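Shown here: upload.txt, compact mmCIF, C-alpha atoms.
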```
# COMPACT_ATOMS: atom_id res chain seq x y z
CA MET A 1 -25.93 -28.75 44.52
CA VAL A 2 -27.93 -29.88 41.49
CA SER A 3 -26.14 -29.64 38.13
CA ASP A 4 -26.32 -26.72 35.67
CA PRO A 5 -29.31 -26.61 33.35
CA GLN A 6 -28.66 -29.50 31.03
CA ILE A 7 -27.26 -28.74 27.60
CA ARG A 8 -29.58 -29.67 24.75
CA ASP A 9 -29.11 -32.98 22.95
CA VAL A 10 -26.50 -34.27 25.37
CA THR A 11 -27.07 -37.64 27.01
CA TYR A 12 -25.61 -37.93 30.51
CA ILE A 13 -23.96 -41.24 31.29
CA GLY A 14 -24.01 -41.95 35.03
CA ILE A 15 -21.62 -44.14 37.01
CA GLY A 16 -21.67 -47.70 35.66
CA GLU A 17 -23.68 -46.82 32.54
CA LEU A 18 -22.71 -47.01 28.88
CA CYS A 19 -24.26 -45.87 25.63
CA VAL A 20 -23.51 -45.91 21.90
CA SER A 21 -24.75 -42.91 19.96
CA THR A 22 -24.30 -40.41 17.13
CA THR A 23 -25.25 -37.50 19.43
CA PRO A 24 -23.06 -36.00 22.20
CA LEU A 25 -22.47 -38.04 25.35
CA SER A 26 -21.27 -36.62 28.65
CA SER A 27 -20.09 -37.81 32.06
CA ILE A 28 -19.81 -35.25 34.81
CA GLY A 29 -17.31 -35.15 37.67
CA LEU A 30 -15.07 -38.11 36.89
CA GLY A 31 -12.88 -38.72 39.95
CA SER A 32 -11.37 -42.18 40.24
CA CYS A 33 -13.78 -43.41 37.55
CA ILE A 34 -12.81 -43.50 33.87
CA GLY A 35 -14.76 -42.26 30.89
CA LEU A 36 -13.85 -44.65 28.08
CA VAL A 37 -14.77 -43.66 24.52
CA LEU A 38 -14.58 -46.08 21.62
CA HIS A 39 -14.98 -44.04 18.45
CA ASP A 40 -15.81 -45.29 14.95
CA ASN A 41 -14.86 -42.40 12.68
CA ASN A 42 -16.07 -44.00 9.44
CA ARG A 43 -19.58 -44.32 10.75
CA ARG A 44 -19.33 -41.11 12.81
CA ARG A 45 -20.55 -42.74 15.97
CA GLY A 46 -19.20 -44.22 19.14
CA GLY A 47 -19.81 -45.18 22.72
CA LEU A 48 -19.01 -43.89 26.21
CA ALA A 49 -18.75 -46.02 29.35
CA HIS A 50 -18.47 -44.51 32.87
CA ILE A 51 -16.28 -47.19 34.45
CA MET A 52 -16.01 -47.48 38.23
CA LEU A 53 -13.86 -50.58 38.91
CA PRO A 54 -11.27 -52.63 37.01
CA ASN A 55 -12.67 -56.18 37.31
CA SER A 56 -16.18 -57.62 37.08
CA ASN A 57 -15.12 -61.00 38.52
CA GLY A 58 -17.91 -62.57 36.50
CA ARG A 59 -20.68 -60.10 37.37
CA MET A 60 -22.78 -59.24 34.34
CA ASP A 61 -25.55 -57.05 35.79
CA ARG A 62 -23.97 -53.69 34.93
CA PRO A 63 -21.46 -54.02 32.11
CA GLY A 64 -20.58 -50.30 32.20
CA LYS A 65 -19.43 -50.51 35.81
CA TYR A 66 -16.30 -52.63 35.20
CA ALA A 67 -13.47 -52.15 32.71
CA ASP A 68 -13.52 -55.69 31.29
CA THR A 69 -17.26 -55.94 30.72
CA ALA A 70 -17.51 -52.33 29.51
CA ILE A 71 -15.06 -52.77 26.61
CA CYS A 72 -16.75 -56.01 25.62
CA ALA A 73 -20.23 -54.44 25.70
CA LEU A 74 -19.15 -51.31 23.82
CA MET A 75 -17.61 -53.40 21.01
CA GLU A 76 -20.77 -55.47 20.82
CA GLU A 77 -23.06 -52.43 20.72
CA LEU A 78 -20.91 -50.84 18.05
CA SER A 79 -21.40 -54.17 16.21
CA PHE A 80 -17.98 -53.68 14.87
CA ASN A 81 -16.56 -55.92 12.19
CA ARG A 82 -12.85 -55.22 11.79
CA ARG A 83 -12.55 -56.54 8.23
CA LYS A 84 -15.47 -54.52 6.93
CA ASN A 85 -15.42 -51.40 9.03
CA GLY A 86 -11.84 -50.21 9.41
CA VAL A 87 -10.53 -48.79 12.63
CA ILE A 88 -11.84 -48.04 16.09
CA ILE A 89 -9.92 -45.66 18.33
CA ALA A 90 -10.08 -45.22 22.09
CA LYS A 91 -9.88 -42.14 24.31
CA ILE A 92 -9.70 -42.23 28.08
CA VAL A 93 -10.43 -39.55 30.70
CA GLY A 94 -10.34 -39.63 34.51
CA GLY A 95 -8.65 -41.95 37.00
CA ALA A 96 -7.62 -39.21 39.43
CA SER A 97 -6.60 -39.51 43.09
CA MET A 98 -8.53 -36.76 44.83
CA PHE A 99 -7.30 -37.09 48.41
CA THR A 100 -3.89 -37.18 50.00
CA GLN A 101 -5.12 -38.06 53.47
CA PHE A 102 -7.07 -41.27 52.99
CA SER A 103 -4.86 -44.03 51.66
CA GLU A 104 -7.62 -46.53 50.83
CA SER A 105 -8.92 -44.35 48.03
CA ILE A 106 -5.62 -43.42 46.44
CA SER A 107 -4.97 -46.35 44.14
CA ILE A 108 -8.43 -46.94 42.61
CA GLY A 109 -7.91 -44.44 39.79
CA GLU A 110 -4.47 -45.84 38.94
CA LYS A 111 -5.78 -49.40 38.90
CA ASN A 112 -8.58 -48.41 36.55
CA ILE A 113 -6.16 -46.73 34.13
CA GLU A 114 -3.78 -49.69 34.18
CA LYS A 115 -6.53 -52.24 33.57
CA ILE A 116 -8.05 -50.28 30.68
CA ARG A 117 -4.66 -49.85 28.99
CA THR A 118 -4.04 -53.60 29.23
CA LEU A 119 -7.49 -54.46 27.85
CA LEU A 120 -7.21 -52.02 24.94
CA LYS A 121 -3.88 -53.58 24.04
CA GLU A 122 -5.46 -57.04 24.05
CA TYR A 123 -8.22 -55.82 21.74
CA SER A 124 -5.58 -53.99 19.59
CA ILE A 125 -7.48 -50.73 19.94
CA PRO A 126 -5.11 -47.73 19.76
CA ILE A 127 -5.45 -44.93 22.32
CA SER A 128 -5.63 -41.71 20.31
CA GLY A 129 -6.08 -39.33 23.21
CA GLU A 130 -6.09 -39.30 27.00
CA ASP A 131 -6.37 -37.00 30.00
CA VAL A 132 -5.84 -39.24 33.01
CA GLY A 133 -4.37 -39.41 36.52
CA GLY A 134 -3.33 -36.47 38.65
CA LYS A 135 -5.48 -34.96 41.37
CA VAL A 136 -8.30 -33.21 39.49
CA GLY A 137 -11.90 -34.15 38.77
CA ARG A 138 -13.01 -33.96 35.13
CA THR A 139 -16.26 -33.46 33.25
CA MET A 140 -16.13 -34.73 29.66
CA THR A 141 -18.37 -34.30 26.63
CA TYR A 142 -17.81 -36.47 23.57
CA TYR A 143 -18.96 -35.43 20.07
CA PRO A 144 -19.27 -38.49 17.79
CA THR A 145 -19.97 -36.55 14.59
CA ASN A 146 -17.20 -34.04 15.19
CA GLY A 147 -14.26 -36.40 14.62
CA GLY A 148 -14.73 -37.91 18.06
CA LYS A 149 -13.63 -34.71 19.78
CA ILE A 150 -13.82 -34.64 23.58
CA ILE A 151 -14.01 -31.40 25.56
CA ILE A 152 -12.79 -31.68 29.15
CA LYS A 153 -13.55 -29.31 32.03
CA ARG A 154 -11.20 -29.87 34.96
CA GLY A 155 -11.65 -29.34 38.69
CA ASP A 156 -8.88 -26.71 38.73
CA GLY A 157 -10.91 -24.57 36.31
CA SER A 158 -8.87 -25.39 33.18
CA ILE A 159 -10.37 -26.69 29.93
CA GLY A 160 -8.86 -29.18 27.51
CA GLU A 161 -9.60 -31.01 24.29
CA ILE A 162 -8.53 -34.44 23.05
CA MET B 1 -29.50 -51.35 50.67
CA ASN B 2 -33.18 -50.58 51.20
CA LEU B 3 -34.54 -48.72 54.19
CA THR B 4 -38.05 -48.79 55.63
CA SER B 5 -39.76 -45.48 56.24
CA GLU B 6 -39.35 -45.98 60.01
CA GLN B 7 -35.62 -46.46 59.53
CA MET B 8 -35.48 -43.37 57.32
CA ASP B 9 -37.30 -41.37 60.01
CA ALA B 10 -34.94 -42.59 62.71
CA LEU B 11 -31.87 -41.73 60.63
CA GLN B 12 -33.32 -38.36 59.81
CA GLU B 13 -33.82 -37.63 63.48
CA LEU B 14 -30.26 -38.70 64.22
CA GLY B 15 -28.98 -36.44 61.45
CA ASN B 16 -31.18 -33.62 62.63
CA ILE B 17 -29.63 -33.68 66.08
CA GLY B 18 -26.09 -33.87 64.71
CA ALA B 19 -26.65 -31.07 62.19
CA ALA B 20 -28.32 -28.84 64.78
CA HIS B 21 -25.21 -29.07 66.96
CA ALA B 22 -22.98 -28.32 63.98
CA ALA B 23 -25.18 -25.33 63.08
CA THR B 24 -24.91 -23.99 66.62
CA THR B 25 -21.11 -24.00 66.49
CA LEU B 26 -21.17 -22.21 63.13
CA SER B 27 -23.62 -19.69 64.52
CA THR B 28 -21.32 -19.05 67.49
CA MET B 29 -18.24 -18.68 65.29
CA LEU B 30 -19.91 -16.15 63.00
CA ASN B 31 -22.10 -14.55 65.63
CA THR B 32 -25.14 -14.71 63.38
CA SER B 33 -28.18 -16.96 63.04
CA ILE B 34 -27.87 -20.06 60.86
CA GLU B 35 -30.84 -21.59 59.08
CA MET B 36 -30.93 -25.33 58.73
CA ASN B 37 -33.33 -27.30 56.56
CA VAL B 38 -34.78 -30.71 57.42
CA PRO B 39 -32.09 -33.27 56.57
CA GLU B 40 -32.70 -35.40 53.48
CA ILE B 41 -31.84 -39.07 53.45
CA SER B 42 -31.61 -40.46 49.93
CA VAL B 43 -31.01 -43.99 48.76
CA ILE B 44 -29.48 -43.35 45.35
CA ASP B 45 -28.63 -45.71 42.53
CA LEU B 46 -25.00 -45.28 41.41
CA SER B 47 -26.05 -44.23 37.92
CA ARG B 48 -28.16 -41.33 39.27
CA ILE B 49 -25.64 -39.76 41.67
CA HIS B 50 -24.97 -36.94 39.19
CA GLU B 51 -28.57 -35.80 39.66
CA TYR B 52 -27.89 -35.17 43.35
CA ILE B 53 -24.31 -33.92 43.30
CA SER B 54 -22.93 -31.50 40.74
CA ASP B 55 -19.55 -30.81 39.17
CA GLU B 56 -19.60 -27.17 40.21
CA ILE B 57 -16.26 -26.49 41.90
CA ALA B 58 -16.52 -26.16 45.69
CA ALA B 59 -14.41 -26.40 48.81
CA MET B 60 -14.86 -29.68 50.65
CA VAL B 61 -13.50 -30.57 54.07
CA LEU B 62 -13.55 -34.33 54.46
CA PHE B 63 -13.29 -36.48 57.58
CA ARG B 64 -13.25 -40.23 58.04
CA ILE B 65 -15.28 -41.37 61.04
CA ASP B 66 -13.03 -43.27 63.43
CA GLY B 67 -13.69 -44.58 66.91
CA GLU B 68 -15.78 -47.53 68.05
CA LEU B 69 -17.46 -47.89 64.65
CA SER B 70 -14.21 -47.64 62.69
CA PRO B 71 -14.08 -47.24 59.75
CA GLY B 72 -17.47 -45.62 60.09
CA GLY B 73 -17.75 -43.75 56.83
CA TYR B 74 -17.18 -40.14 55.85
CA LEU B 75 -18.53 -36.78 56.85
CA LEU B 76 -18.02 -33.83 54.57
CA LEU B 77 -18.55 -30.09 54.75
CA HIS B 78 -19.30 -28.73 51.29
CA VAL B 79 -19.01 -24.97 50.70
CA PRO B 80 -19.31 -23.34 47.24
CA VAL B 81 -16.15 -21.33 46.51
CA GLU B 82 -17.83 -17.92 46.73
CA SER B 83 -19.43 -18.81 50.08
CA ALA B 84 -16.12 -20.19 51.32
CA ILE B 85 -14.31 -16.89 50.68
CA ARG B 86 -17.16 -14.93 52.25
CA LEU B 87 -17.17 -17.26 55.26
CA VAL B 88 -13.47 -16.71 55.87
CA ASN B 89 -13.88 -12.96 55.33
CA VAL B 90 -16.58 -12.82 58.01
CA MET B 91 -14.44 -14.80 60.44
CA LEU B 92 -11.31 -12.75 59.88
CA GLY B 93 -12.99 -9.38 59.39
CA GLU B 94 -11.77 -9.08 55.78
CA HIS B 95 -13.75 -7.62 52.89
CA ASP B 96 -11.93 -8.50 49.69
CA MET B 97 -14.20 -10.81 47.65
CA ASN B 98 -12.25 -10.68 44.38
CA ARG B 99 -9.50 -13.10 45.27
CA ALA B 100 -8.58 -16.71 44.78
CA MET B 101 -8.59 -19.07 47.78
CA ASN B 102 -5.31 -18.73 49.65
CA GLU B 103 -3.48 -20.55 52.45
CA MET B 104 -5.34 -18.57 55.11
CA ASP B 105 -8.70 -19.59 53.61
CA ARG B 106 -7.61 -23.20 53.58
CA SER B 107 -6.57 -23.33 57.21
CA ALA B 108 -9.64 -21.39 58.31
CA LEU B 109 -11.90 -23.81 56.44
CA LEU B 110 -10.12 -26.81 57.95
CA GLU B 111 -10.69 -25.34 61.39
CA ILE B 112 -14.36 -24.49 60.76
CA GLY B 113 -14.89 -28.00 59.37
CA ASN B 114 -13.17 -29.53 62.38
CA ILE B 115 -15.35 -27.70 64.88
CA MET B 116 -18.62 -28.38 63.05
CA VAL B 117 -17.90 -32.03 62.34
CA SER B 118 -16.75 -32.71 65.90
CA ALA B 119 -20.02 -31.22 67.20
CA PHE B 120 -22.03 -33.35 64.75
CA LEU B 121 -20.25 -36.57 65.72
CA ASP B 122 -20.32 -35.89 69.46
CA ALA B 123 -24.06 -35.38 69.38
CA THR B 124 -24.87 -38.44 67.26
CA ALA B 125 -22.41 -40.70 69.09
CA GLY B 126 -23.89 -39.60 72.41
CA LEU B 127 -27.33 -40.60 71.22
CA LEU B 128 -26.12 -43.98 69.95
CA ASN B 129 -24.04 -44.53 73.06
CA THR B 130 -20.88 -45.11 71.05
CA VAL B 131 -17.68 -43.23 70.29
CA MET B 132 -17.14 -41.44 66.97
CA ILE B 133 -14.00 -39.41 66.37
CA PRO B 134 -13.19 -37.42 63.24
CA SER B 135 -9.90 -38.27 61.50
CA PRO B 136 -7.55 -35.41 60.60
CA PRO B 137 -9.30 -33.54 57.77
CA ASP B 138 -8.44 -33.31 54.11
CA LEU B 139 -9.38 -30.21 52.12
CA VAL B 140 -10.13 -30.47 48.41
CA ILE B 141 -11.22 -27.66 46.12
CA ASP B 142 -12.68 -29.48 43.14
CA MET B 143 -15.84 -31.02 41.67
CA PRO B 144 -18.08 -32.53 44.39
CA HIS B 145 -19.21 -35.37 42.11
CA ALA B 146 -15.58 -36.35 41.50
CA ALA B 147 -14.65 -36.25 45.20
CA LEU B 148 -17.71 -38.21 46.32
CA GLN B 149 -17.17 -40.76 43.58
CA VAL B 150 -13.80 -41.67 45.10
CA ILE B 151 -15.37 -42.14 48.54
CA ILE B 152 -18.33 -44.11 47.21
CA THR B 153 -16.06 -46.41 45.21
CA SER B 154 -13.91 -47.10 48.28
CA GLN B 155 -16.87 -47.99 50.49
CA LEU B 156 -19.04 -49.88 47.99
CA GLU B 157 -20.01 -53.39 49.03
CA GLU B 158 -19.59 -56.22 46.58
CA ASN B 159 -22.62 -56.24 44.30
CA GLY B 160 -23.72 -52.96 45.87
CA ASN B 161 -25.37 -50.49 43.52
CA ASN B 162 -26.94 -48.09 46.01
CA VAL B 163 -25.58 -45.28 48.11
CA VAL B 164 -27.19 -43.89 51.24
CA LEU B 165 -26.57 -40.16 51.33
CA PHE B 166 -27.50 -37.87 54.15
CA ARG B 167 -27.52 -34.16 53.39
CA THR B 168 -28.52 -31.04 55.24
CA GLU B 169 -28.15 -27.45 54.19
CA LEU B 170 -26.86 -24.74 56.54
CA LYS B 171 -27.32 -21.13 55.47
CA SER B 172 -26.78 -17.61 56.73
CA SER B 173 -28.96 -15.00 55.05
CA GLU B 174 -27.13 -12.13 56.78
CA TYR B 175 -23.88 -13.04 54.99
CA ALA B 176 -25.38 -14.96 52.01
CA LEU B 177 -23.53 -18.12 52.95
CA ALA B 178 -24.50 -21.58 51.74
CA SER B 179 -23.06 -24.89 52.86
CA ASN B 180 -23.99 -28.55 53.07
CA LEU B 181 -23.12 -31.26 55.52
CA LEU B 182 -22.96 -34.69 53.88
CA LEU B 183 -22.73 -38.00 55.68
CA LEU B 184 -21.83 -41.22 53.88
CA PRO B 185 -21.90 -44.08 56.39
CA ASN B 186 -20.18 -47.35 55.48
CA PRO B 187 -22.87 -50.00 54.88
CA PRO B 188 -22.07 -52.19 57.95
CA VAL B 189 -22.01 -49.11 60.18
CA LEU B 190 -25.30 -47.92 58.76
CA LYS B 191 -26.87 -51.26 59.70
CA ASP B 192 -25.38 -50.95 63.17
CA MET B 193 -26.68 -47.39 63.52
CA ILE B 194 -30.18 -48.47 62.49
CA HIS B 195 -30.08 -51.36 64.92
CA LYS B 196 -29.06 -49.07 67.78
CA LEU B 197 -31.69 -46.51 66.84
CA GLU B 198 -34.43 -49.12 66.74
CA ARG B 199 -33.47 -50.34 70.19
CA LEU B 200 -33.43 -46.78 71.44
CA LEU B 201 -36.86 -46.09 70.00
CA SER B 202 -38.43 -49.29 71.36
CA ASN B 203 -37.03 -48.52 74.83
CA THR B 204 -38.57 -45.06 74.69
CA SER B 205 -41.98 -46.32 73.61
CA GLN B 206 -42.04 -48.91 76.40
CA ARG B 207 -41.60 -46.28 79.05
```

Mind turning this structure into structure tokens?
Amino acid sequence: MVSDPQIRDVTYIGIGELCVSTTPLSSIGLGSCIGLVLHDNNRRRGGLAHIMLPNSNGRMDRPGKYADTAICALMEELSFNRRKNGVIIAKIVGGASMFTQFSESISIGEKNIEKIRTLLKEYSIPISGEDVGGKVGRTMTYYPTNGGKIIIKRGDGSIGEI
Amino acid sequence: MNLTSEQMDALQELGNIGAAHAATTLSTMLNTSIEMNVPEISVIDLSRIHEYISDEIAAMVLFRIDGELSPGGYLLLHVPVESAIRLVNVMLGEHDMNRAMNEMDRSALLEIGNIMVSAFLDATAGLLNTVMIPSPPDLVIDMPHAALQVIITSQLEENGNNVVLFRTELKSSEYALASNLLLLPNPPVLKDMIHKLERLLSNTSQR
């Protein structure tokens, strides 16, 4: 069950991790988790966080794990100064409900999406692309130097781009 | 959660017995021999789960463990799509490999999963002197990492960053079938299981 041979120059961001880079970043098999990209097109770089839960409730140990701490940490790592540096855009992928049978797992994806939308609004970061919700898993790869393009492979076999 | 090597051994033995019973039922259904490897127990950090579980699309039959230890966790039969079609072909005496999964495949897989998982749970529950019953199954054909992520998120303890994953591989070389049984116990149930196993082992050594 181990993953395909890893593509060259791609950094894999596991659950609860985040990274800012100029080289491609990827998260595989997003289910209820969200891959949040904050992209700085002027400087051709950006960050990806693999967010698991909406609220940190004050926990700081893994900023990438929670929506609130992840956005904060990504902005900090991008060391973004609005007046000097122009615009940052956001893209979000994931937040699916995979099972129909087990009710406890159904709403996690929705809650993650909702929380991230609210936070992005508070930070006044526009969402320029999204592929969220539904019932499919998603693998995403983000290309910072290619206009912030994201290629998405879905669990139903389809492929998309945002 | 951290486990001592004795606890790992005990869990491995428990899994071994459960998986052997599941393998026997599969062997009976297909009328062929099934090879089973030694079960692996891994304590995995959340951020490394993708190194253990891929995004390669597979059929997964998922059960919640109900009964005395409810909610006990999840048990999952993972079959790569090609193996799944071959498995159903063998069972139904079909030969067409170049087809998408259809309704018949789905219900056959649900049934196979049901029989195997019931055998697994009966055997382990018997050993632990408790009752474990599989919930009605759910079948998903998707990325295993995505499906497991949903389960792991729902059972994660506050401040928890580790997952205990039990996995054993069941194969048939005659029909080139591969499958995995995965067990994800809820953390309190895992502690309870370990406690019961330790008592069982100390009773045995006293005799």

Atom CA of B:Glu51 and atom CA of B:Val164, how far apart in Å?
->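 Interatomic distance, atom CA of B:Val164 to atom CA of B:Glu51: 14.2 Å.
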
With a distance cut-off of 9 Å and only C-alpha atoms, select the neighbouring residues of stretch 21-27 of chain B, excluding the residue or stretch itself and same-chain residues fewer than 2 positions from it, and output the selection as a VMD selection string.
-> chain B and resid 16 to 19 29 to 36 112 115 to 123 170 to 172 181

Write out as a PyMOL selection string which residues come within 9 Å of stretch 71-81 of chain B when counting all atoms listed in the file, dropping same-chain ones fewer than 2 positions away.
-> (chain A and resi 1) or (chain B and resi 56-69+83-86+101+113+116-117+132+134+141+144+151+155+177-190)

Counting only C-alpha atoms, the residue of A:Met140, A:Ile92, A:Ile162, A:Val10 that sits nearest chain B |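 Residue with the minimum atom-to-atom distance to chain B: A:Met140.
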
Could you state the separation of atom CA of B:Ala108 and atom CA of B:Glu94 in Å, given to one decimal place?
->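 So the two atoms, atom CA of B:Ala108 and atom CA of B:Glu94, lie 12.7 Å apart.
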
Figure out the distance between atom CA of B:Ile152 and atom CA of A:Ser107, please, to one decimal in Å.
->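 Atom CA of B:Ile152 lies at a distance of 13.9 Å from atom CA of A:Ser107.
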
Atoms kept (N, CA and C atoms) for stretch 16-37 of chain A, as an mmCIF file, in the first residue's frame:
```
data_model
loop_
_atom_site.group_PDB
_atom_site.id
_atom_site.type_symbol
_atom_site.label_atom_id
_atom_site.label_comp_id
_atom_site.auth_asym_id
_atom_site.auth_seq_id
_atom_site.Cartn_x
_atom_site.Cartn_y
_atom_site.Cartn_z
ATOM 1 N N GLY A 16 -1.323 17.737 9.299
ATOM 2 C CA GLY A 16 -0.909 18.632 10.379
ATOM 3 C C GLY A 16 0.384 19.378 10.115
ATOM 4 N N GLU A 17 0.970 19.196 8.917
ATOM 5 C CA GLU A 17 2.208 19.909 8.592
ATOM 6 C C GLU A 17 1.912 21.124 7.724
ATOM 7 N N LEU A 18 2.878 22.051 7.667
ATOM 8 C CA LEU A 18 2.788 23.142 6.708
ATOM 9 C C LEU A 18 4.177 23.533 6.260
ATOM 10 N N CYS A 19 4.251 24.170 5.084
ATOM 11 C CA CYS A 19 5.544 24.526 4.515
ATOM 12 C C CYS A 19 5.365 25.673 3.528
ATOM 13 N N VAL A 20 6.322 26.595 3.518
ATOM 14 C CA VAL A 20 6.352 27.665 2.521
ATOM 15 C C VAL A 20 7.537 27.405 1.611
ATOM 16 N N SER A 21 7.311 27.537 0.297
ATOM 17 C CA SER A 21 8.352 27.113 -0.636
ATOM 18 C C SER A 21 8.191 27.769 -2.009
ATOM 19 N N THR A 22 9.257 27.659 -2.832
ATOM 20 C CA THR A 22 9.152 28.059 -4.232
ATOM 21 C C THR A 22 9.050 26.818 -5.121
ATOM 22 N N THR A 23 9.271 25.631 -4.528
ATOM 23 C CA THR A 23 9.183 24.377 -5.290
ATOM 24 C C THR A 23 7.853 23.682 -4.998
ATOM 25 N N PRO A 24 7.439 22.728 -5.864
ATOM 26 C CA PRO A 24 6.108 22.113 -5.702
ATOM 27 C C PRO A 24 5.878 21.448 -4.347
ATOM 28 N N LEU A 25 4.659 21.600 -3.855
ATOM 29 C CA LEU A 25 4.251 21.003 -2.585
ATOM 30 C C LEU A 25 3.034 20.132 -2.844
ATOM 31 N N SER A 26 2.970 18.971 -2.165
ATOM 32 C CA SER A 26 1.862 18.059 -2.428
ATOM 33 C C SER A 26 1.310 17.460 -1.139
ATOM 34 N N SER A 27 -0.004 17.254 -1.106
ATOM 35 C CA SER A 27 -0.616 16.470 -0.035
ATOM 36 C C SER A 27 -1.417 15.357 -0.691
ATOM 37 N N ILE A 28 -1.190 14.131 -0.251
ATOM 38 C CA ILE A 28 -1.897 13.019 -0.879
ATOM 39 C C ILE A 28 -3.137 12.639 -0.062
ATOM 40 N N GLY A 29 -4.146 12.135 -0.778
ATOM 41 C CA GLY A 29 -5.329 11.565 -0.156
ATOM 42 C C GLY A 29 -6.014 12.447 0.864
ATOM 43 N N LEU A 30 -6.376 13.667 0.481
ATOM 44 C CA LEU A 30 -7.155 14.510 1.388
ATOM 45 C C LEU A 30 -8.573 13.942 1.470
ATOM 46 N N GLY A 31 -9.023 13.627 2.674
ATOM 47 C CA GLY A 31 -10.407 13.190 2.873
ATOM 48 C C GLY A 31 -11.156 14.338 3.499
ATOM 49 N N SER A 32 -11.349 14.254 4.829
ATOM 50 C CA SER A 32 -12.007 15.352 5.535
ATOM 51 C C SER A 32 -11.049 16.515 5.773
ATOM 52 N N CYS A 33 -9.748 16.274 5.644
ATOM 53 C CA CYS A 33 -8.755 17.340 5.816
ATOM 54 C C CYS A 33 -8.822 18.324 4.651
ATOM 55 N N ILE A 34 -8.210 19.495 4.865
ATOM 56 C CA ILE A 34 -8.172 20.529 3.834
ATOM 57 C C ILE A 34 -6.730 20.872 3.514
ATOM 58 N N GLY A 35 -6.430 20.960 2.225
ATOM 59 C CA GLY A 35 -5.156 21.520 1.794
ATOM 60 C C GLY A 35 -5.391 22.990 1.518
ATOM 61 N N LEU A 36 -4.776 23.844 2.348
ATOM 62 C CA LEU A 36 -4.937 25.295 2.176
ATOM 63 C C LEU A 36 -3.652 25.868 1.591
ATOM 64 N N VAL A 37 -3.780 26.539 0.436
ATOM 65 C CA VAL A 37 -2.634 27.196 -0.184
ATOM 66 C C VAL A 37 -2.802 28.707 -0.054
#
```
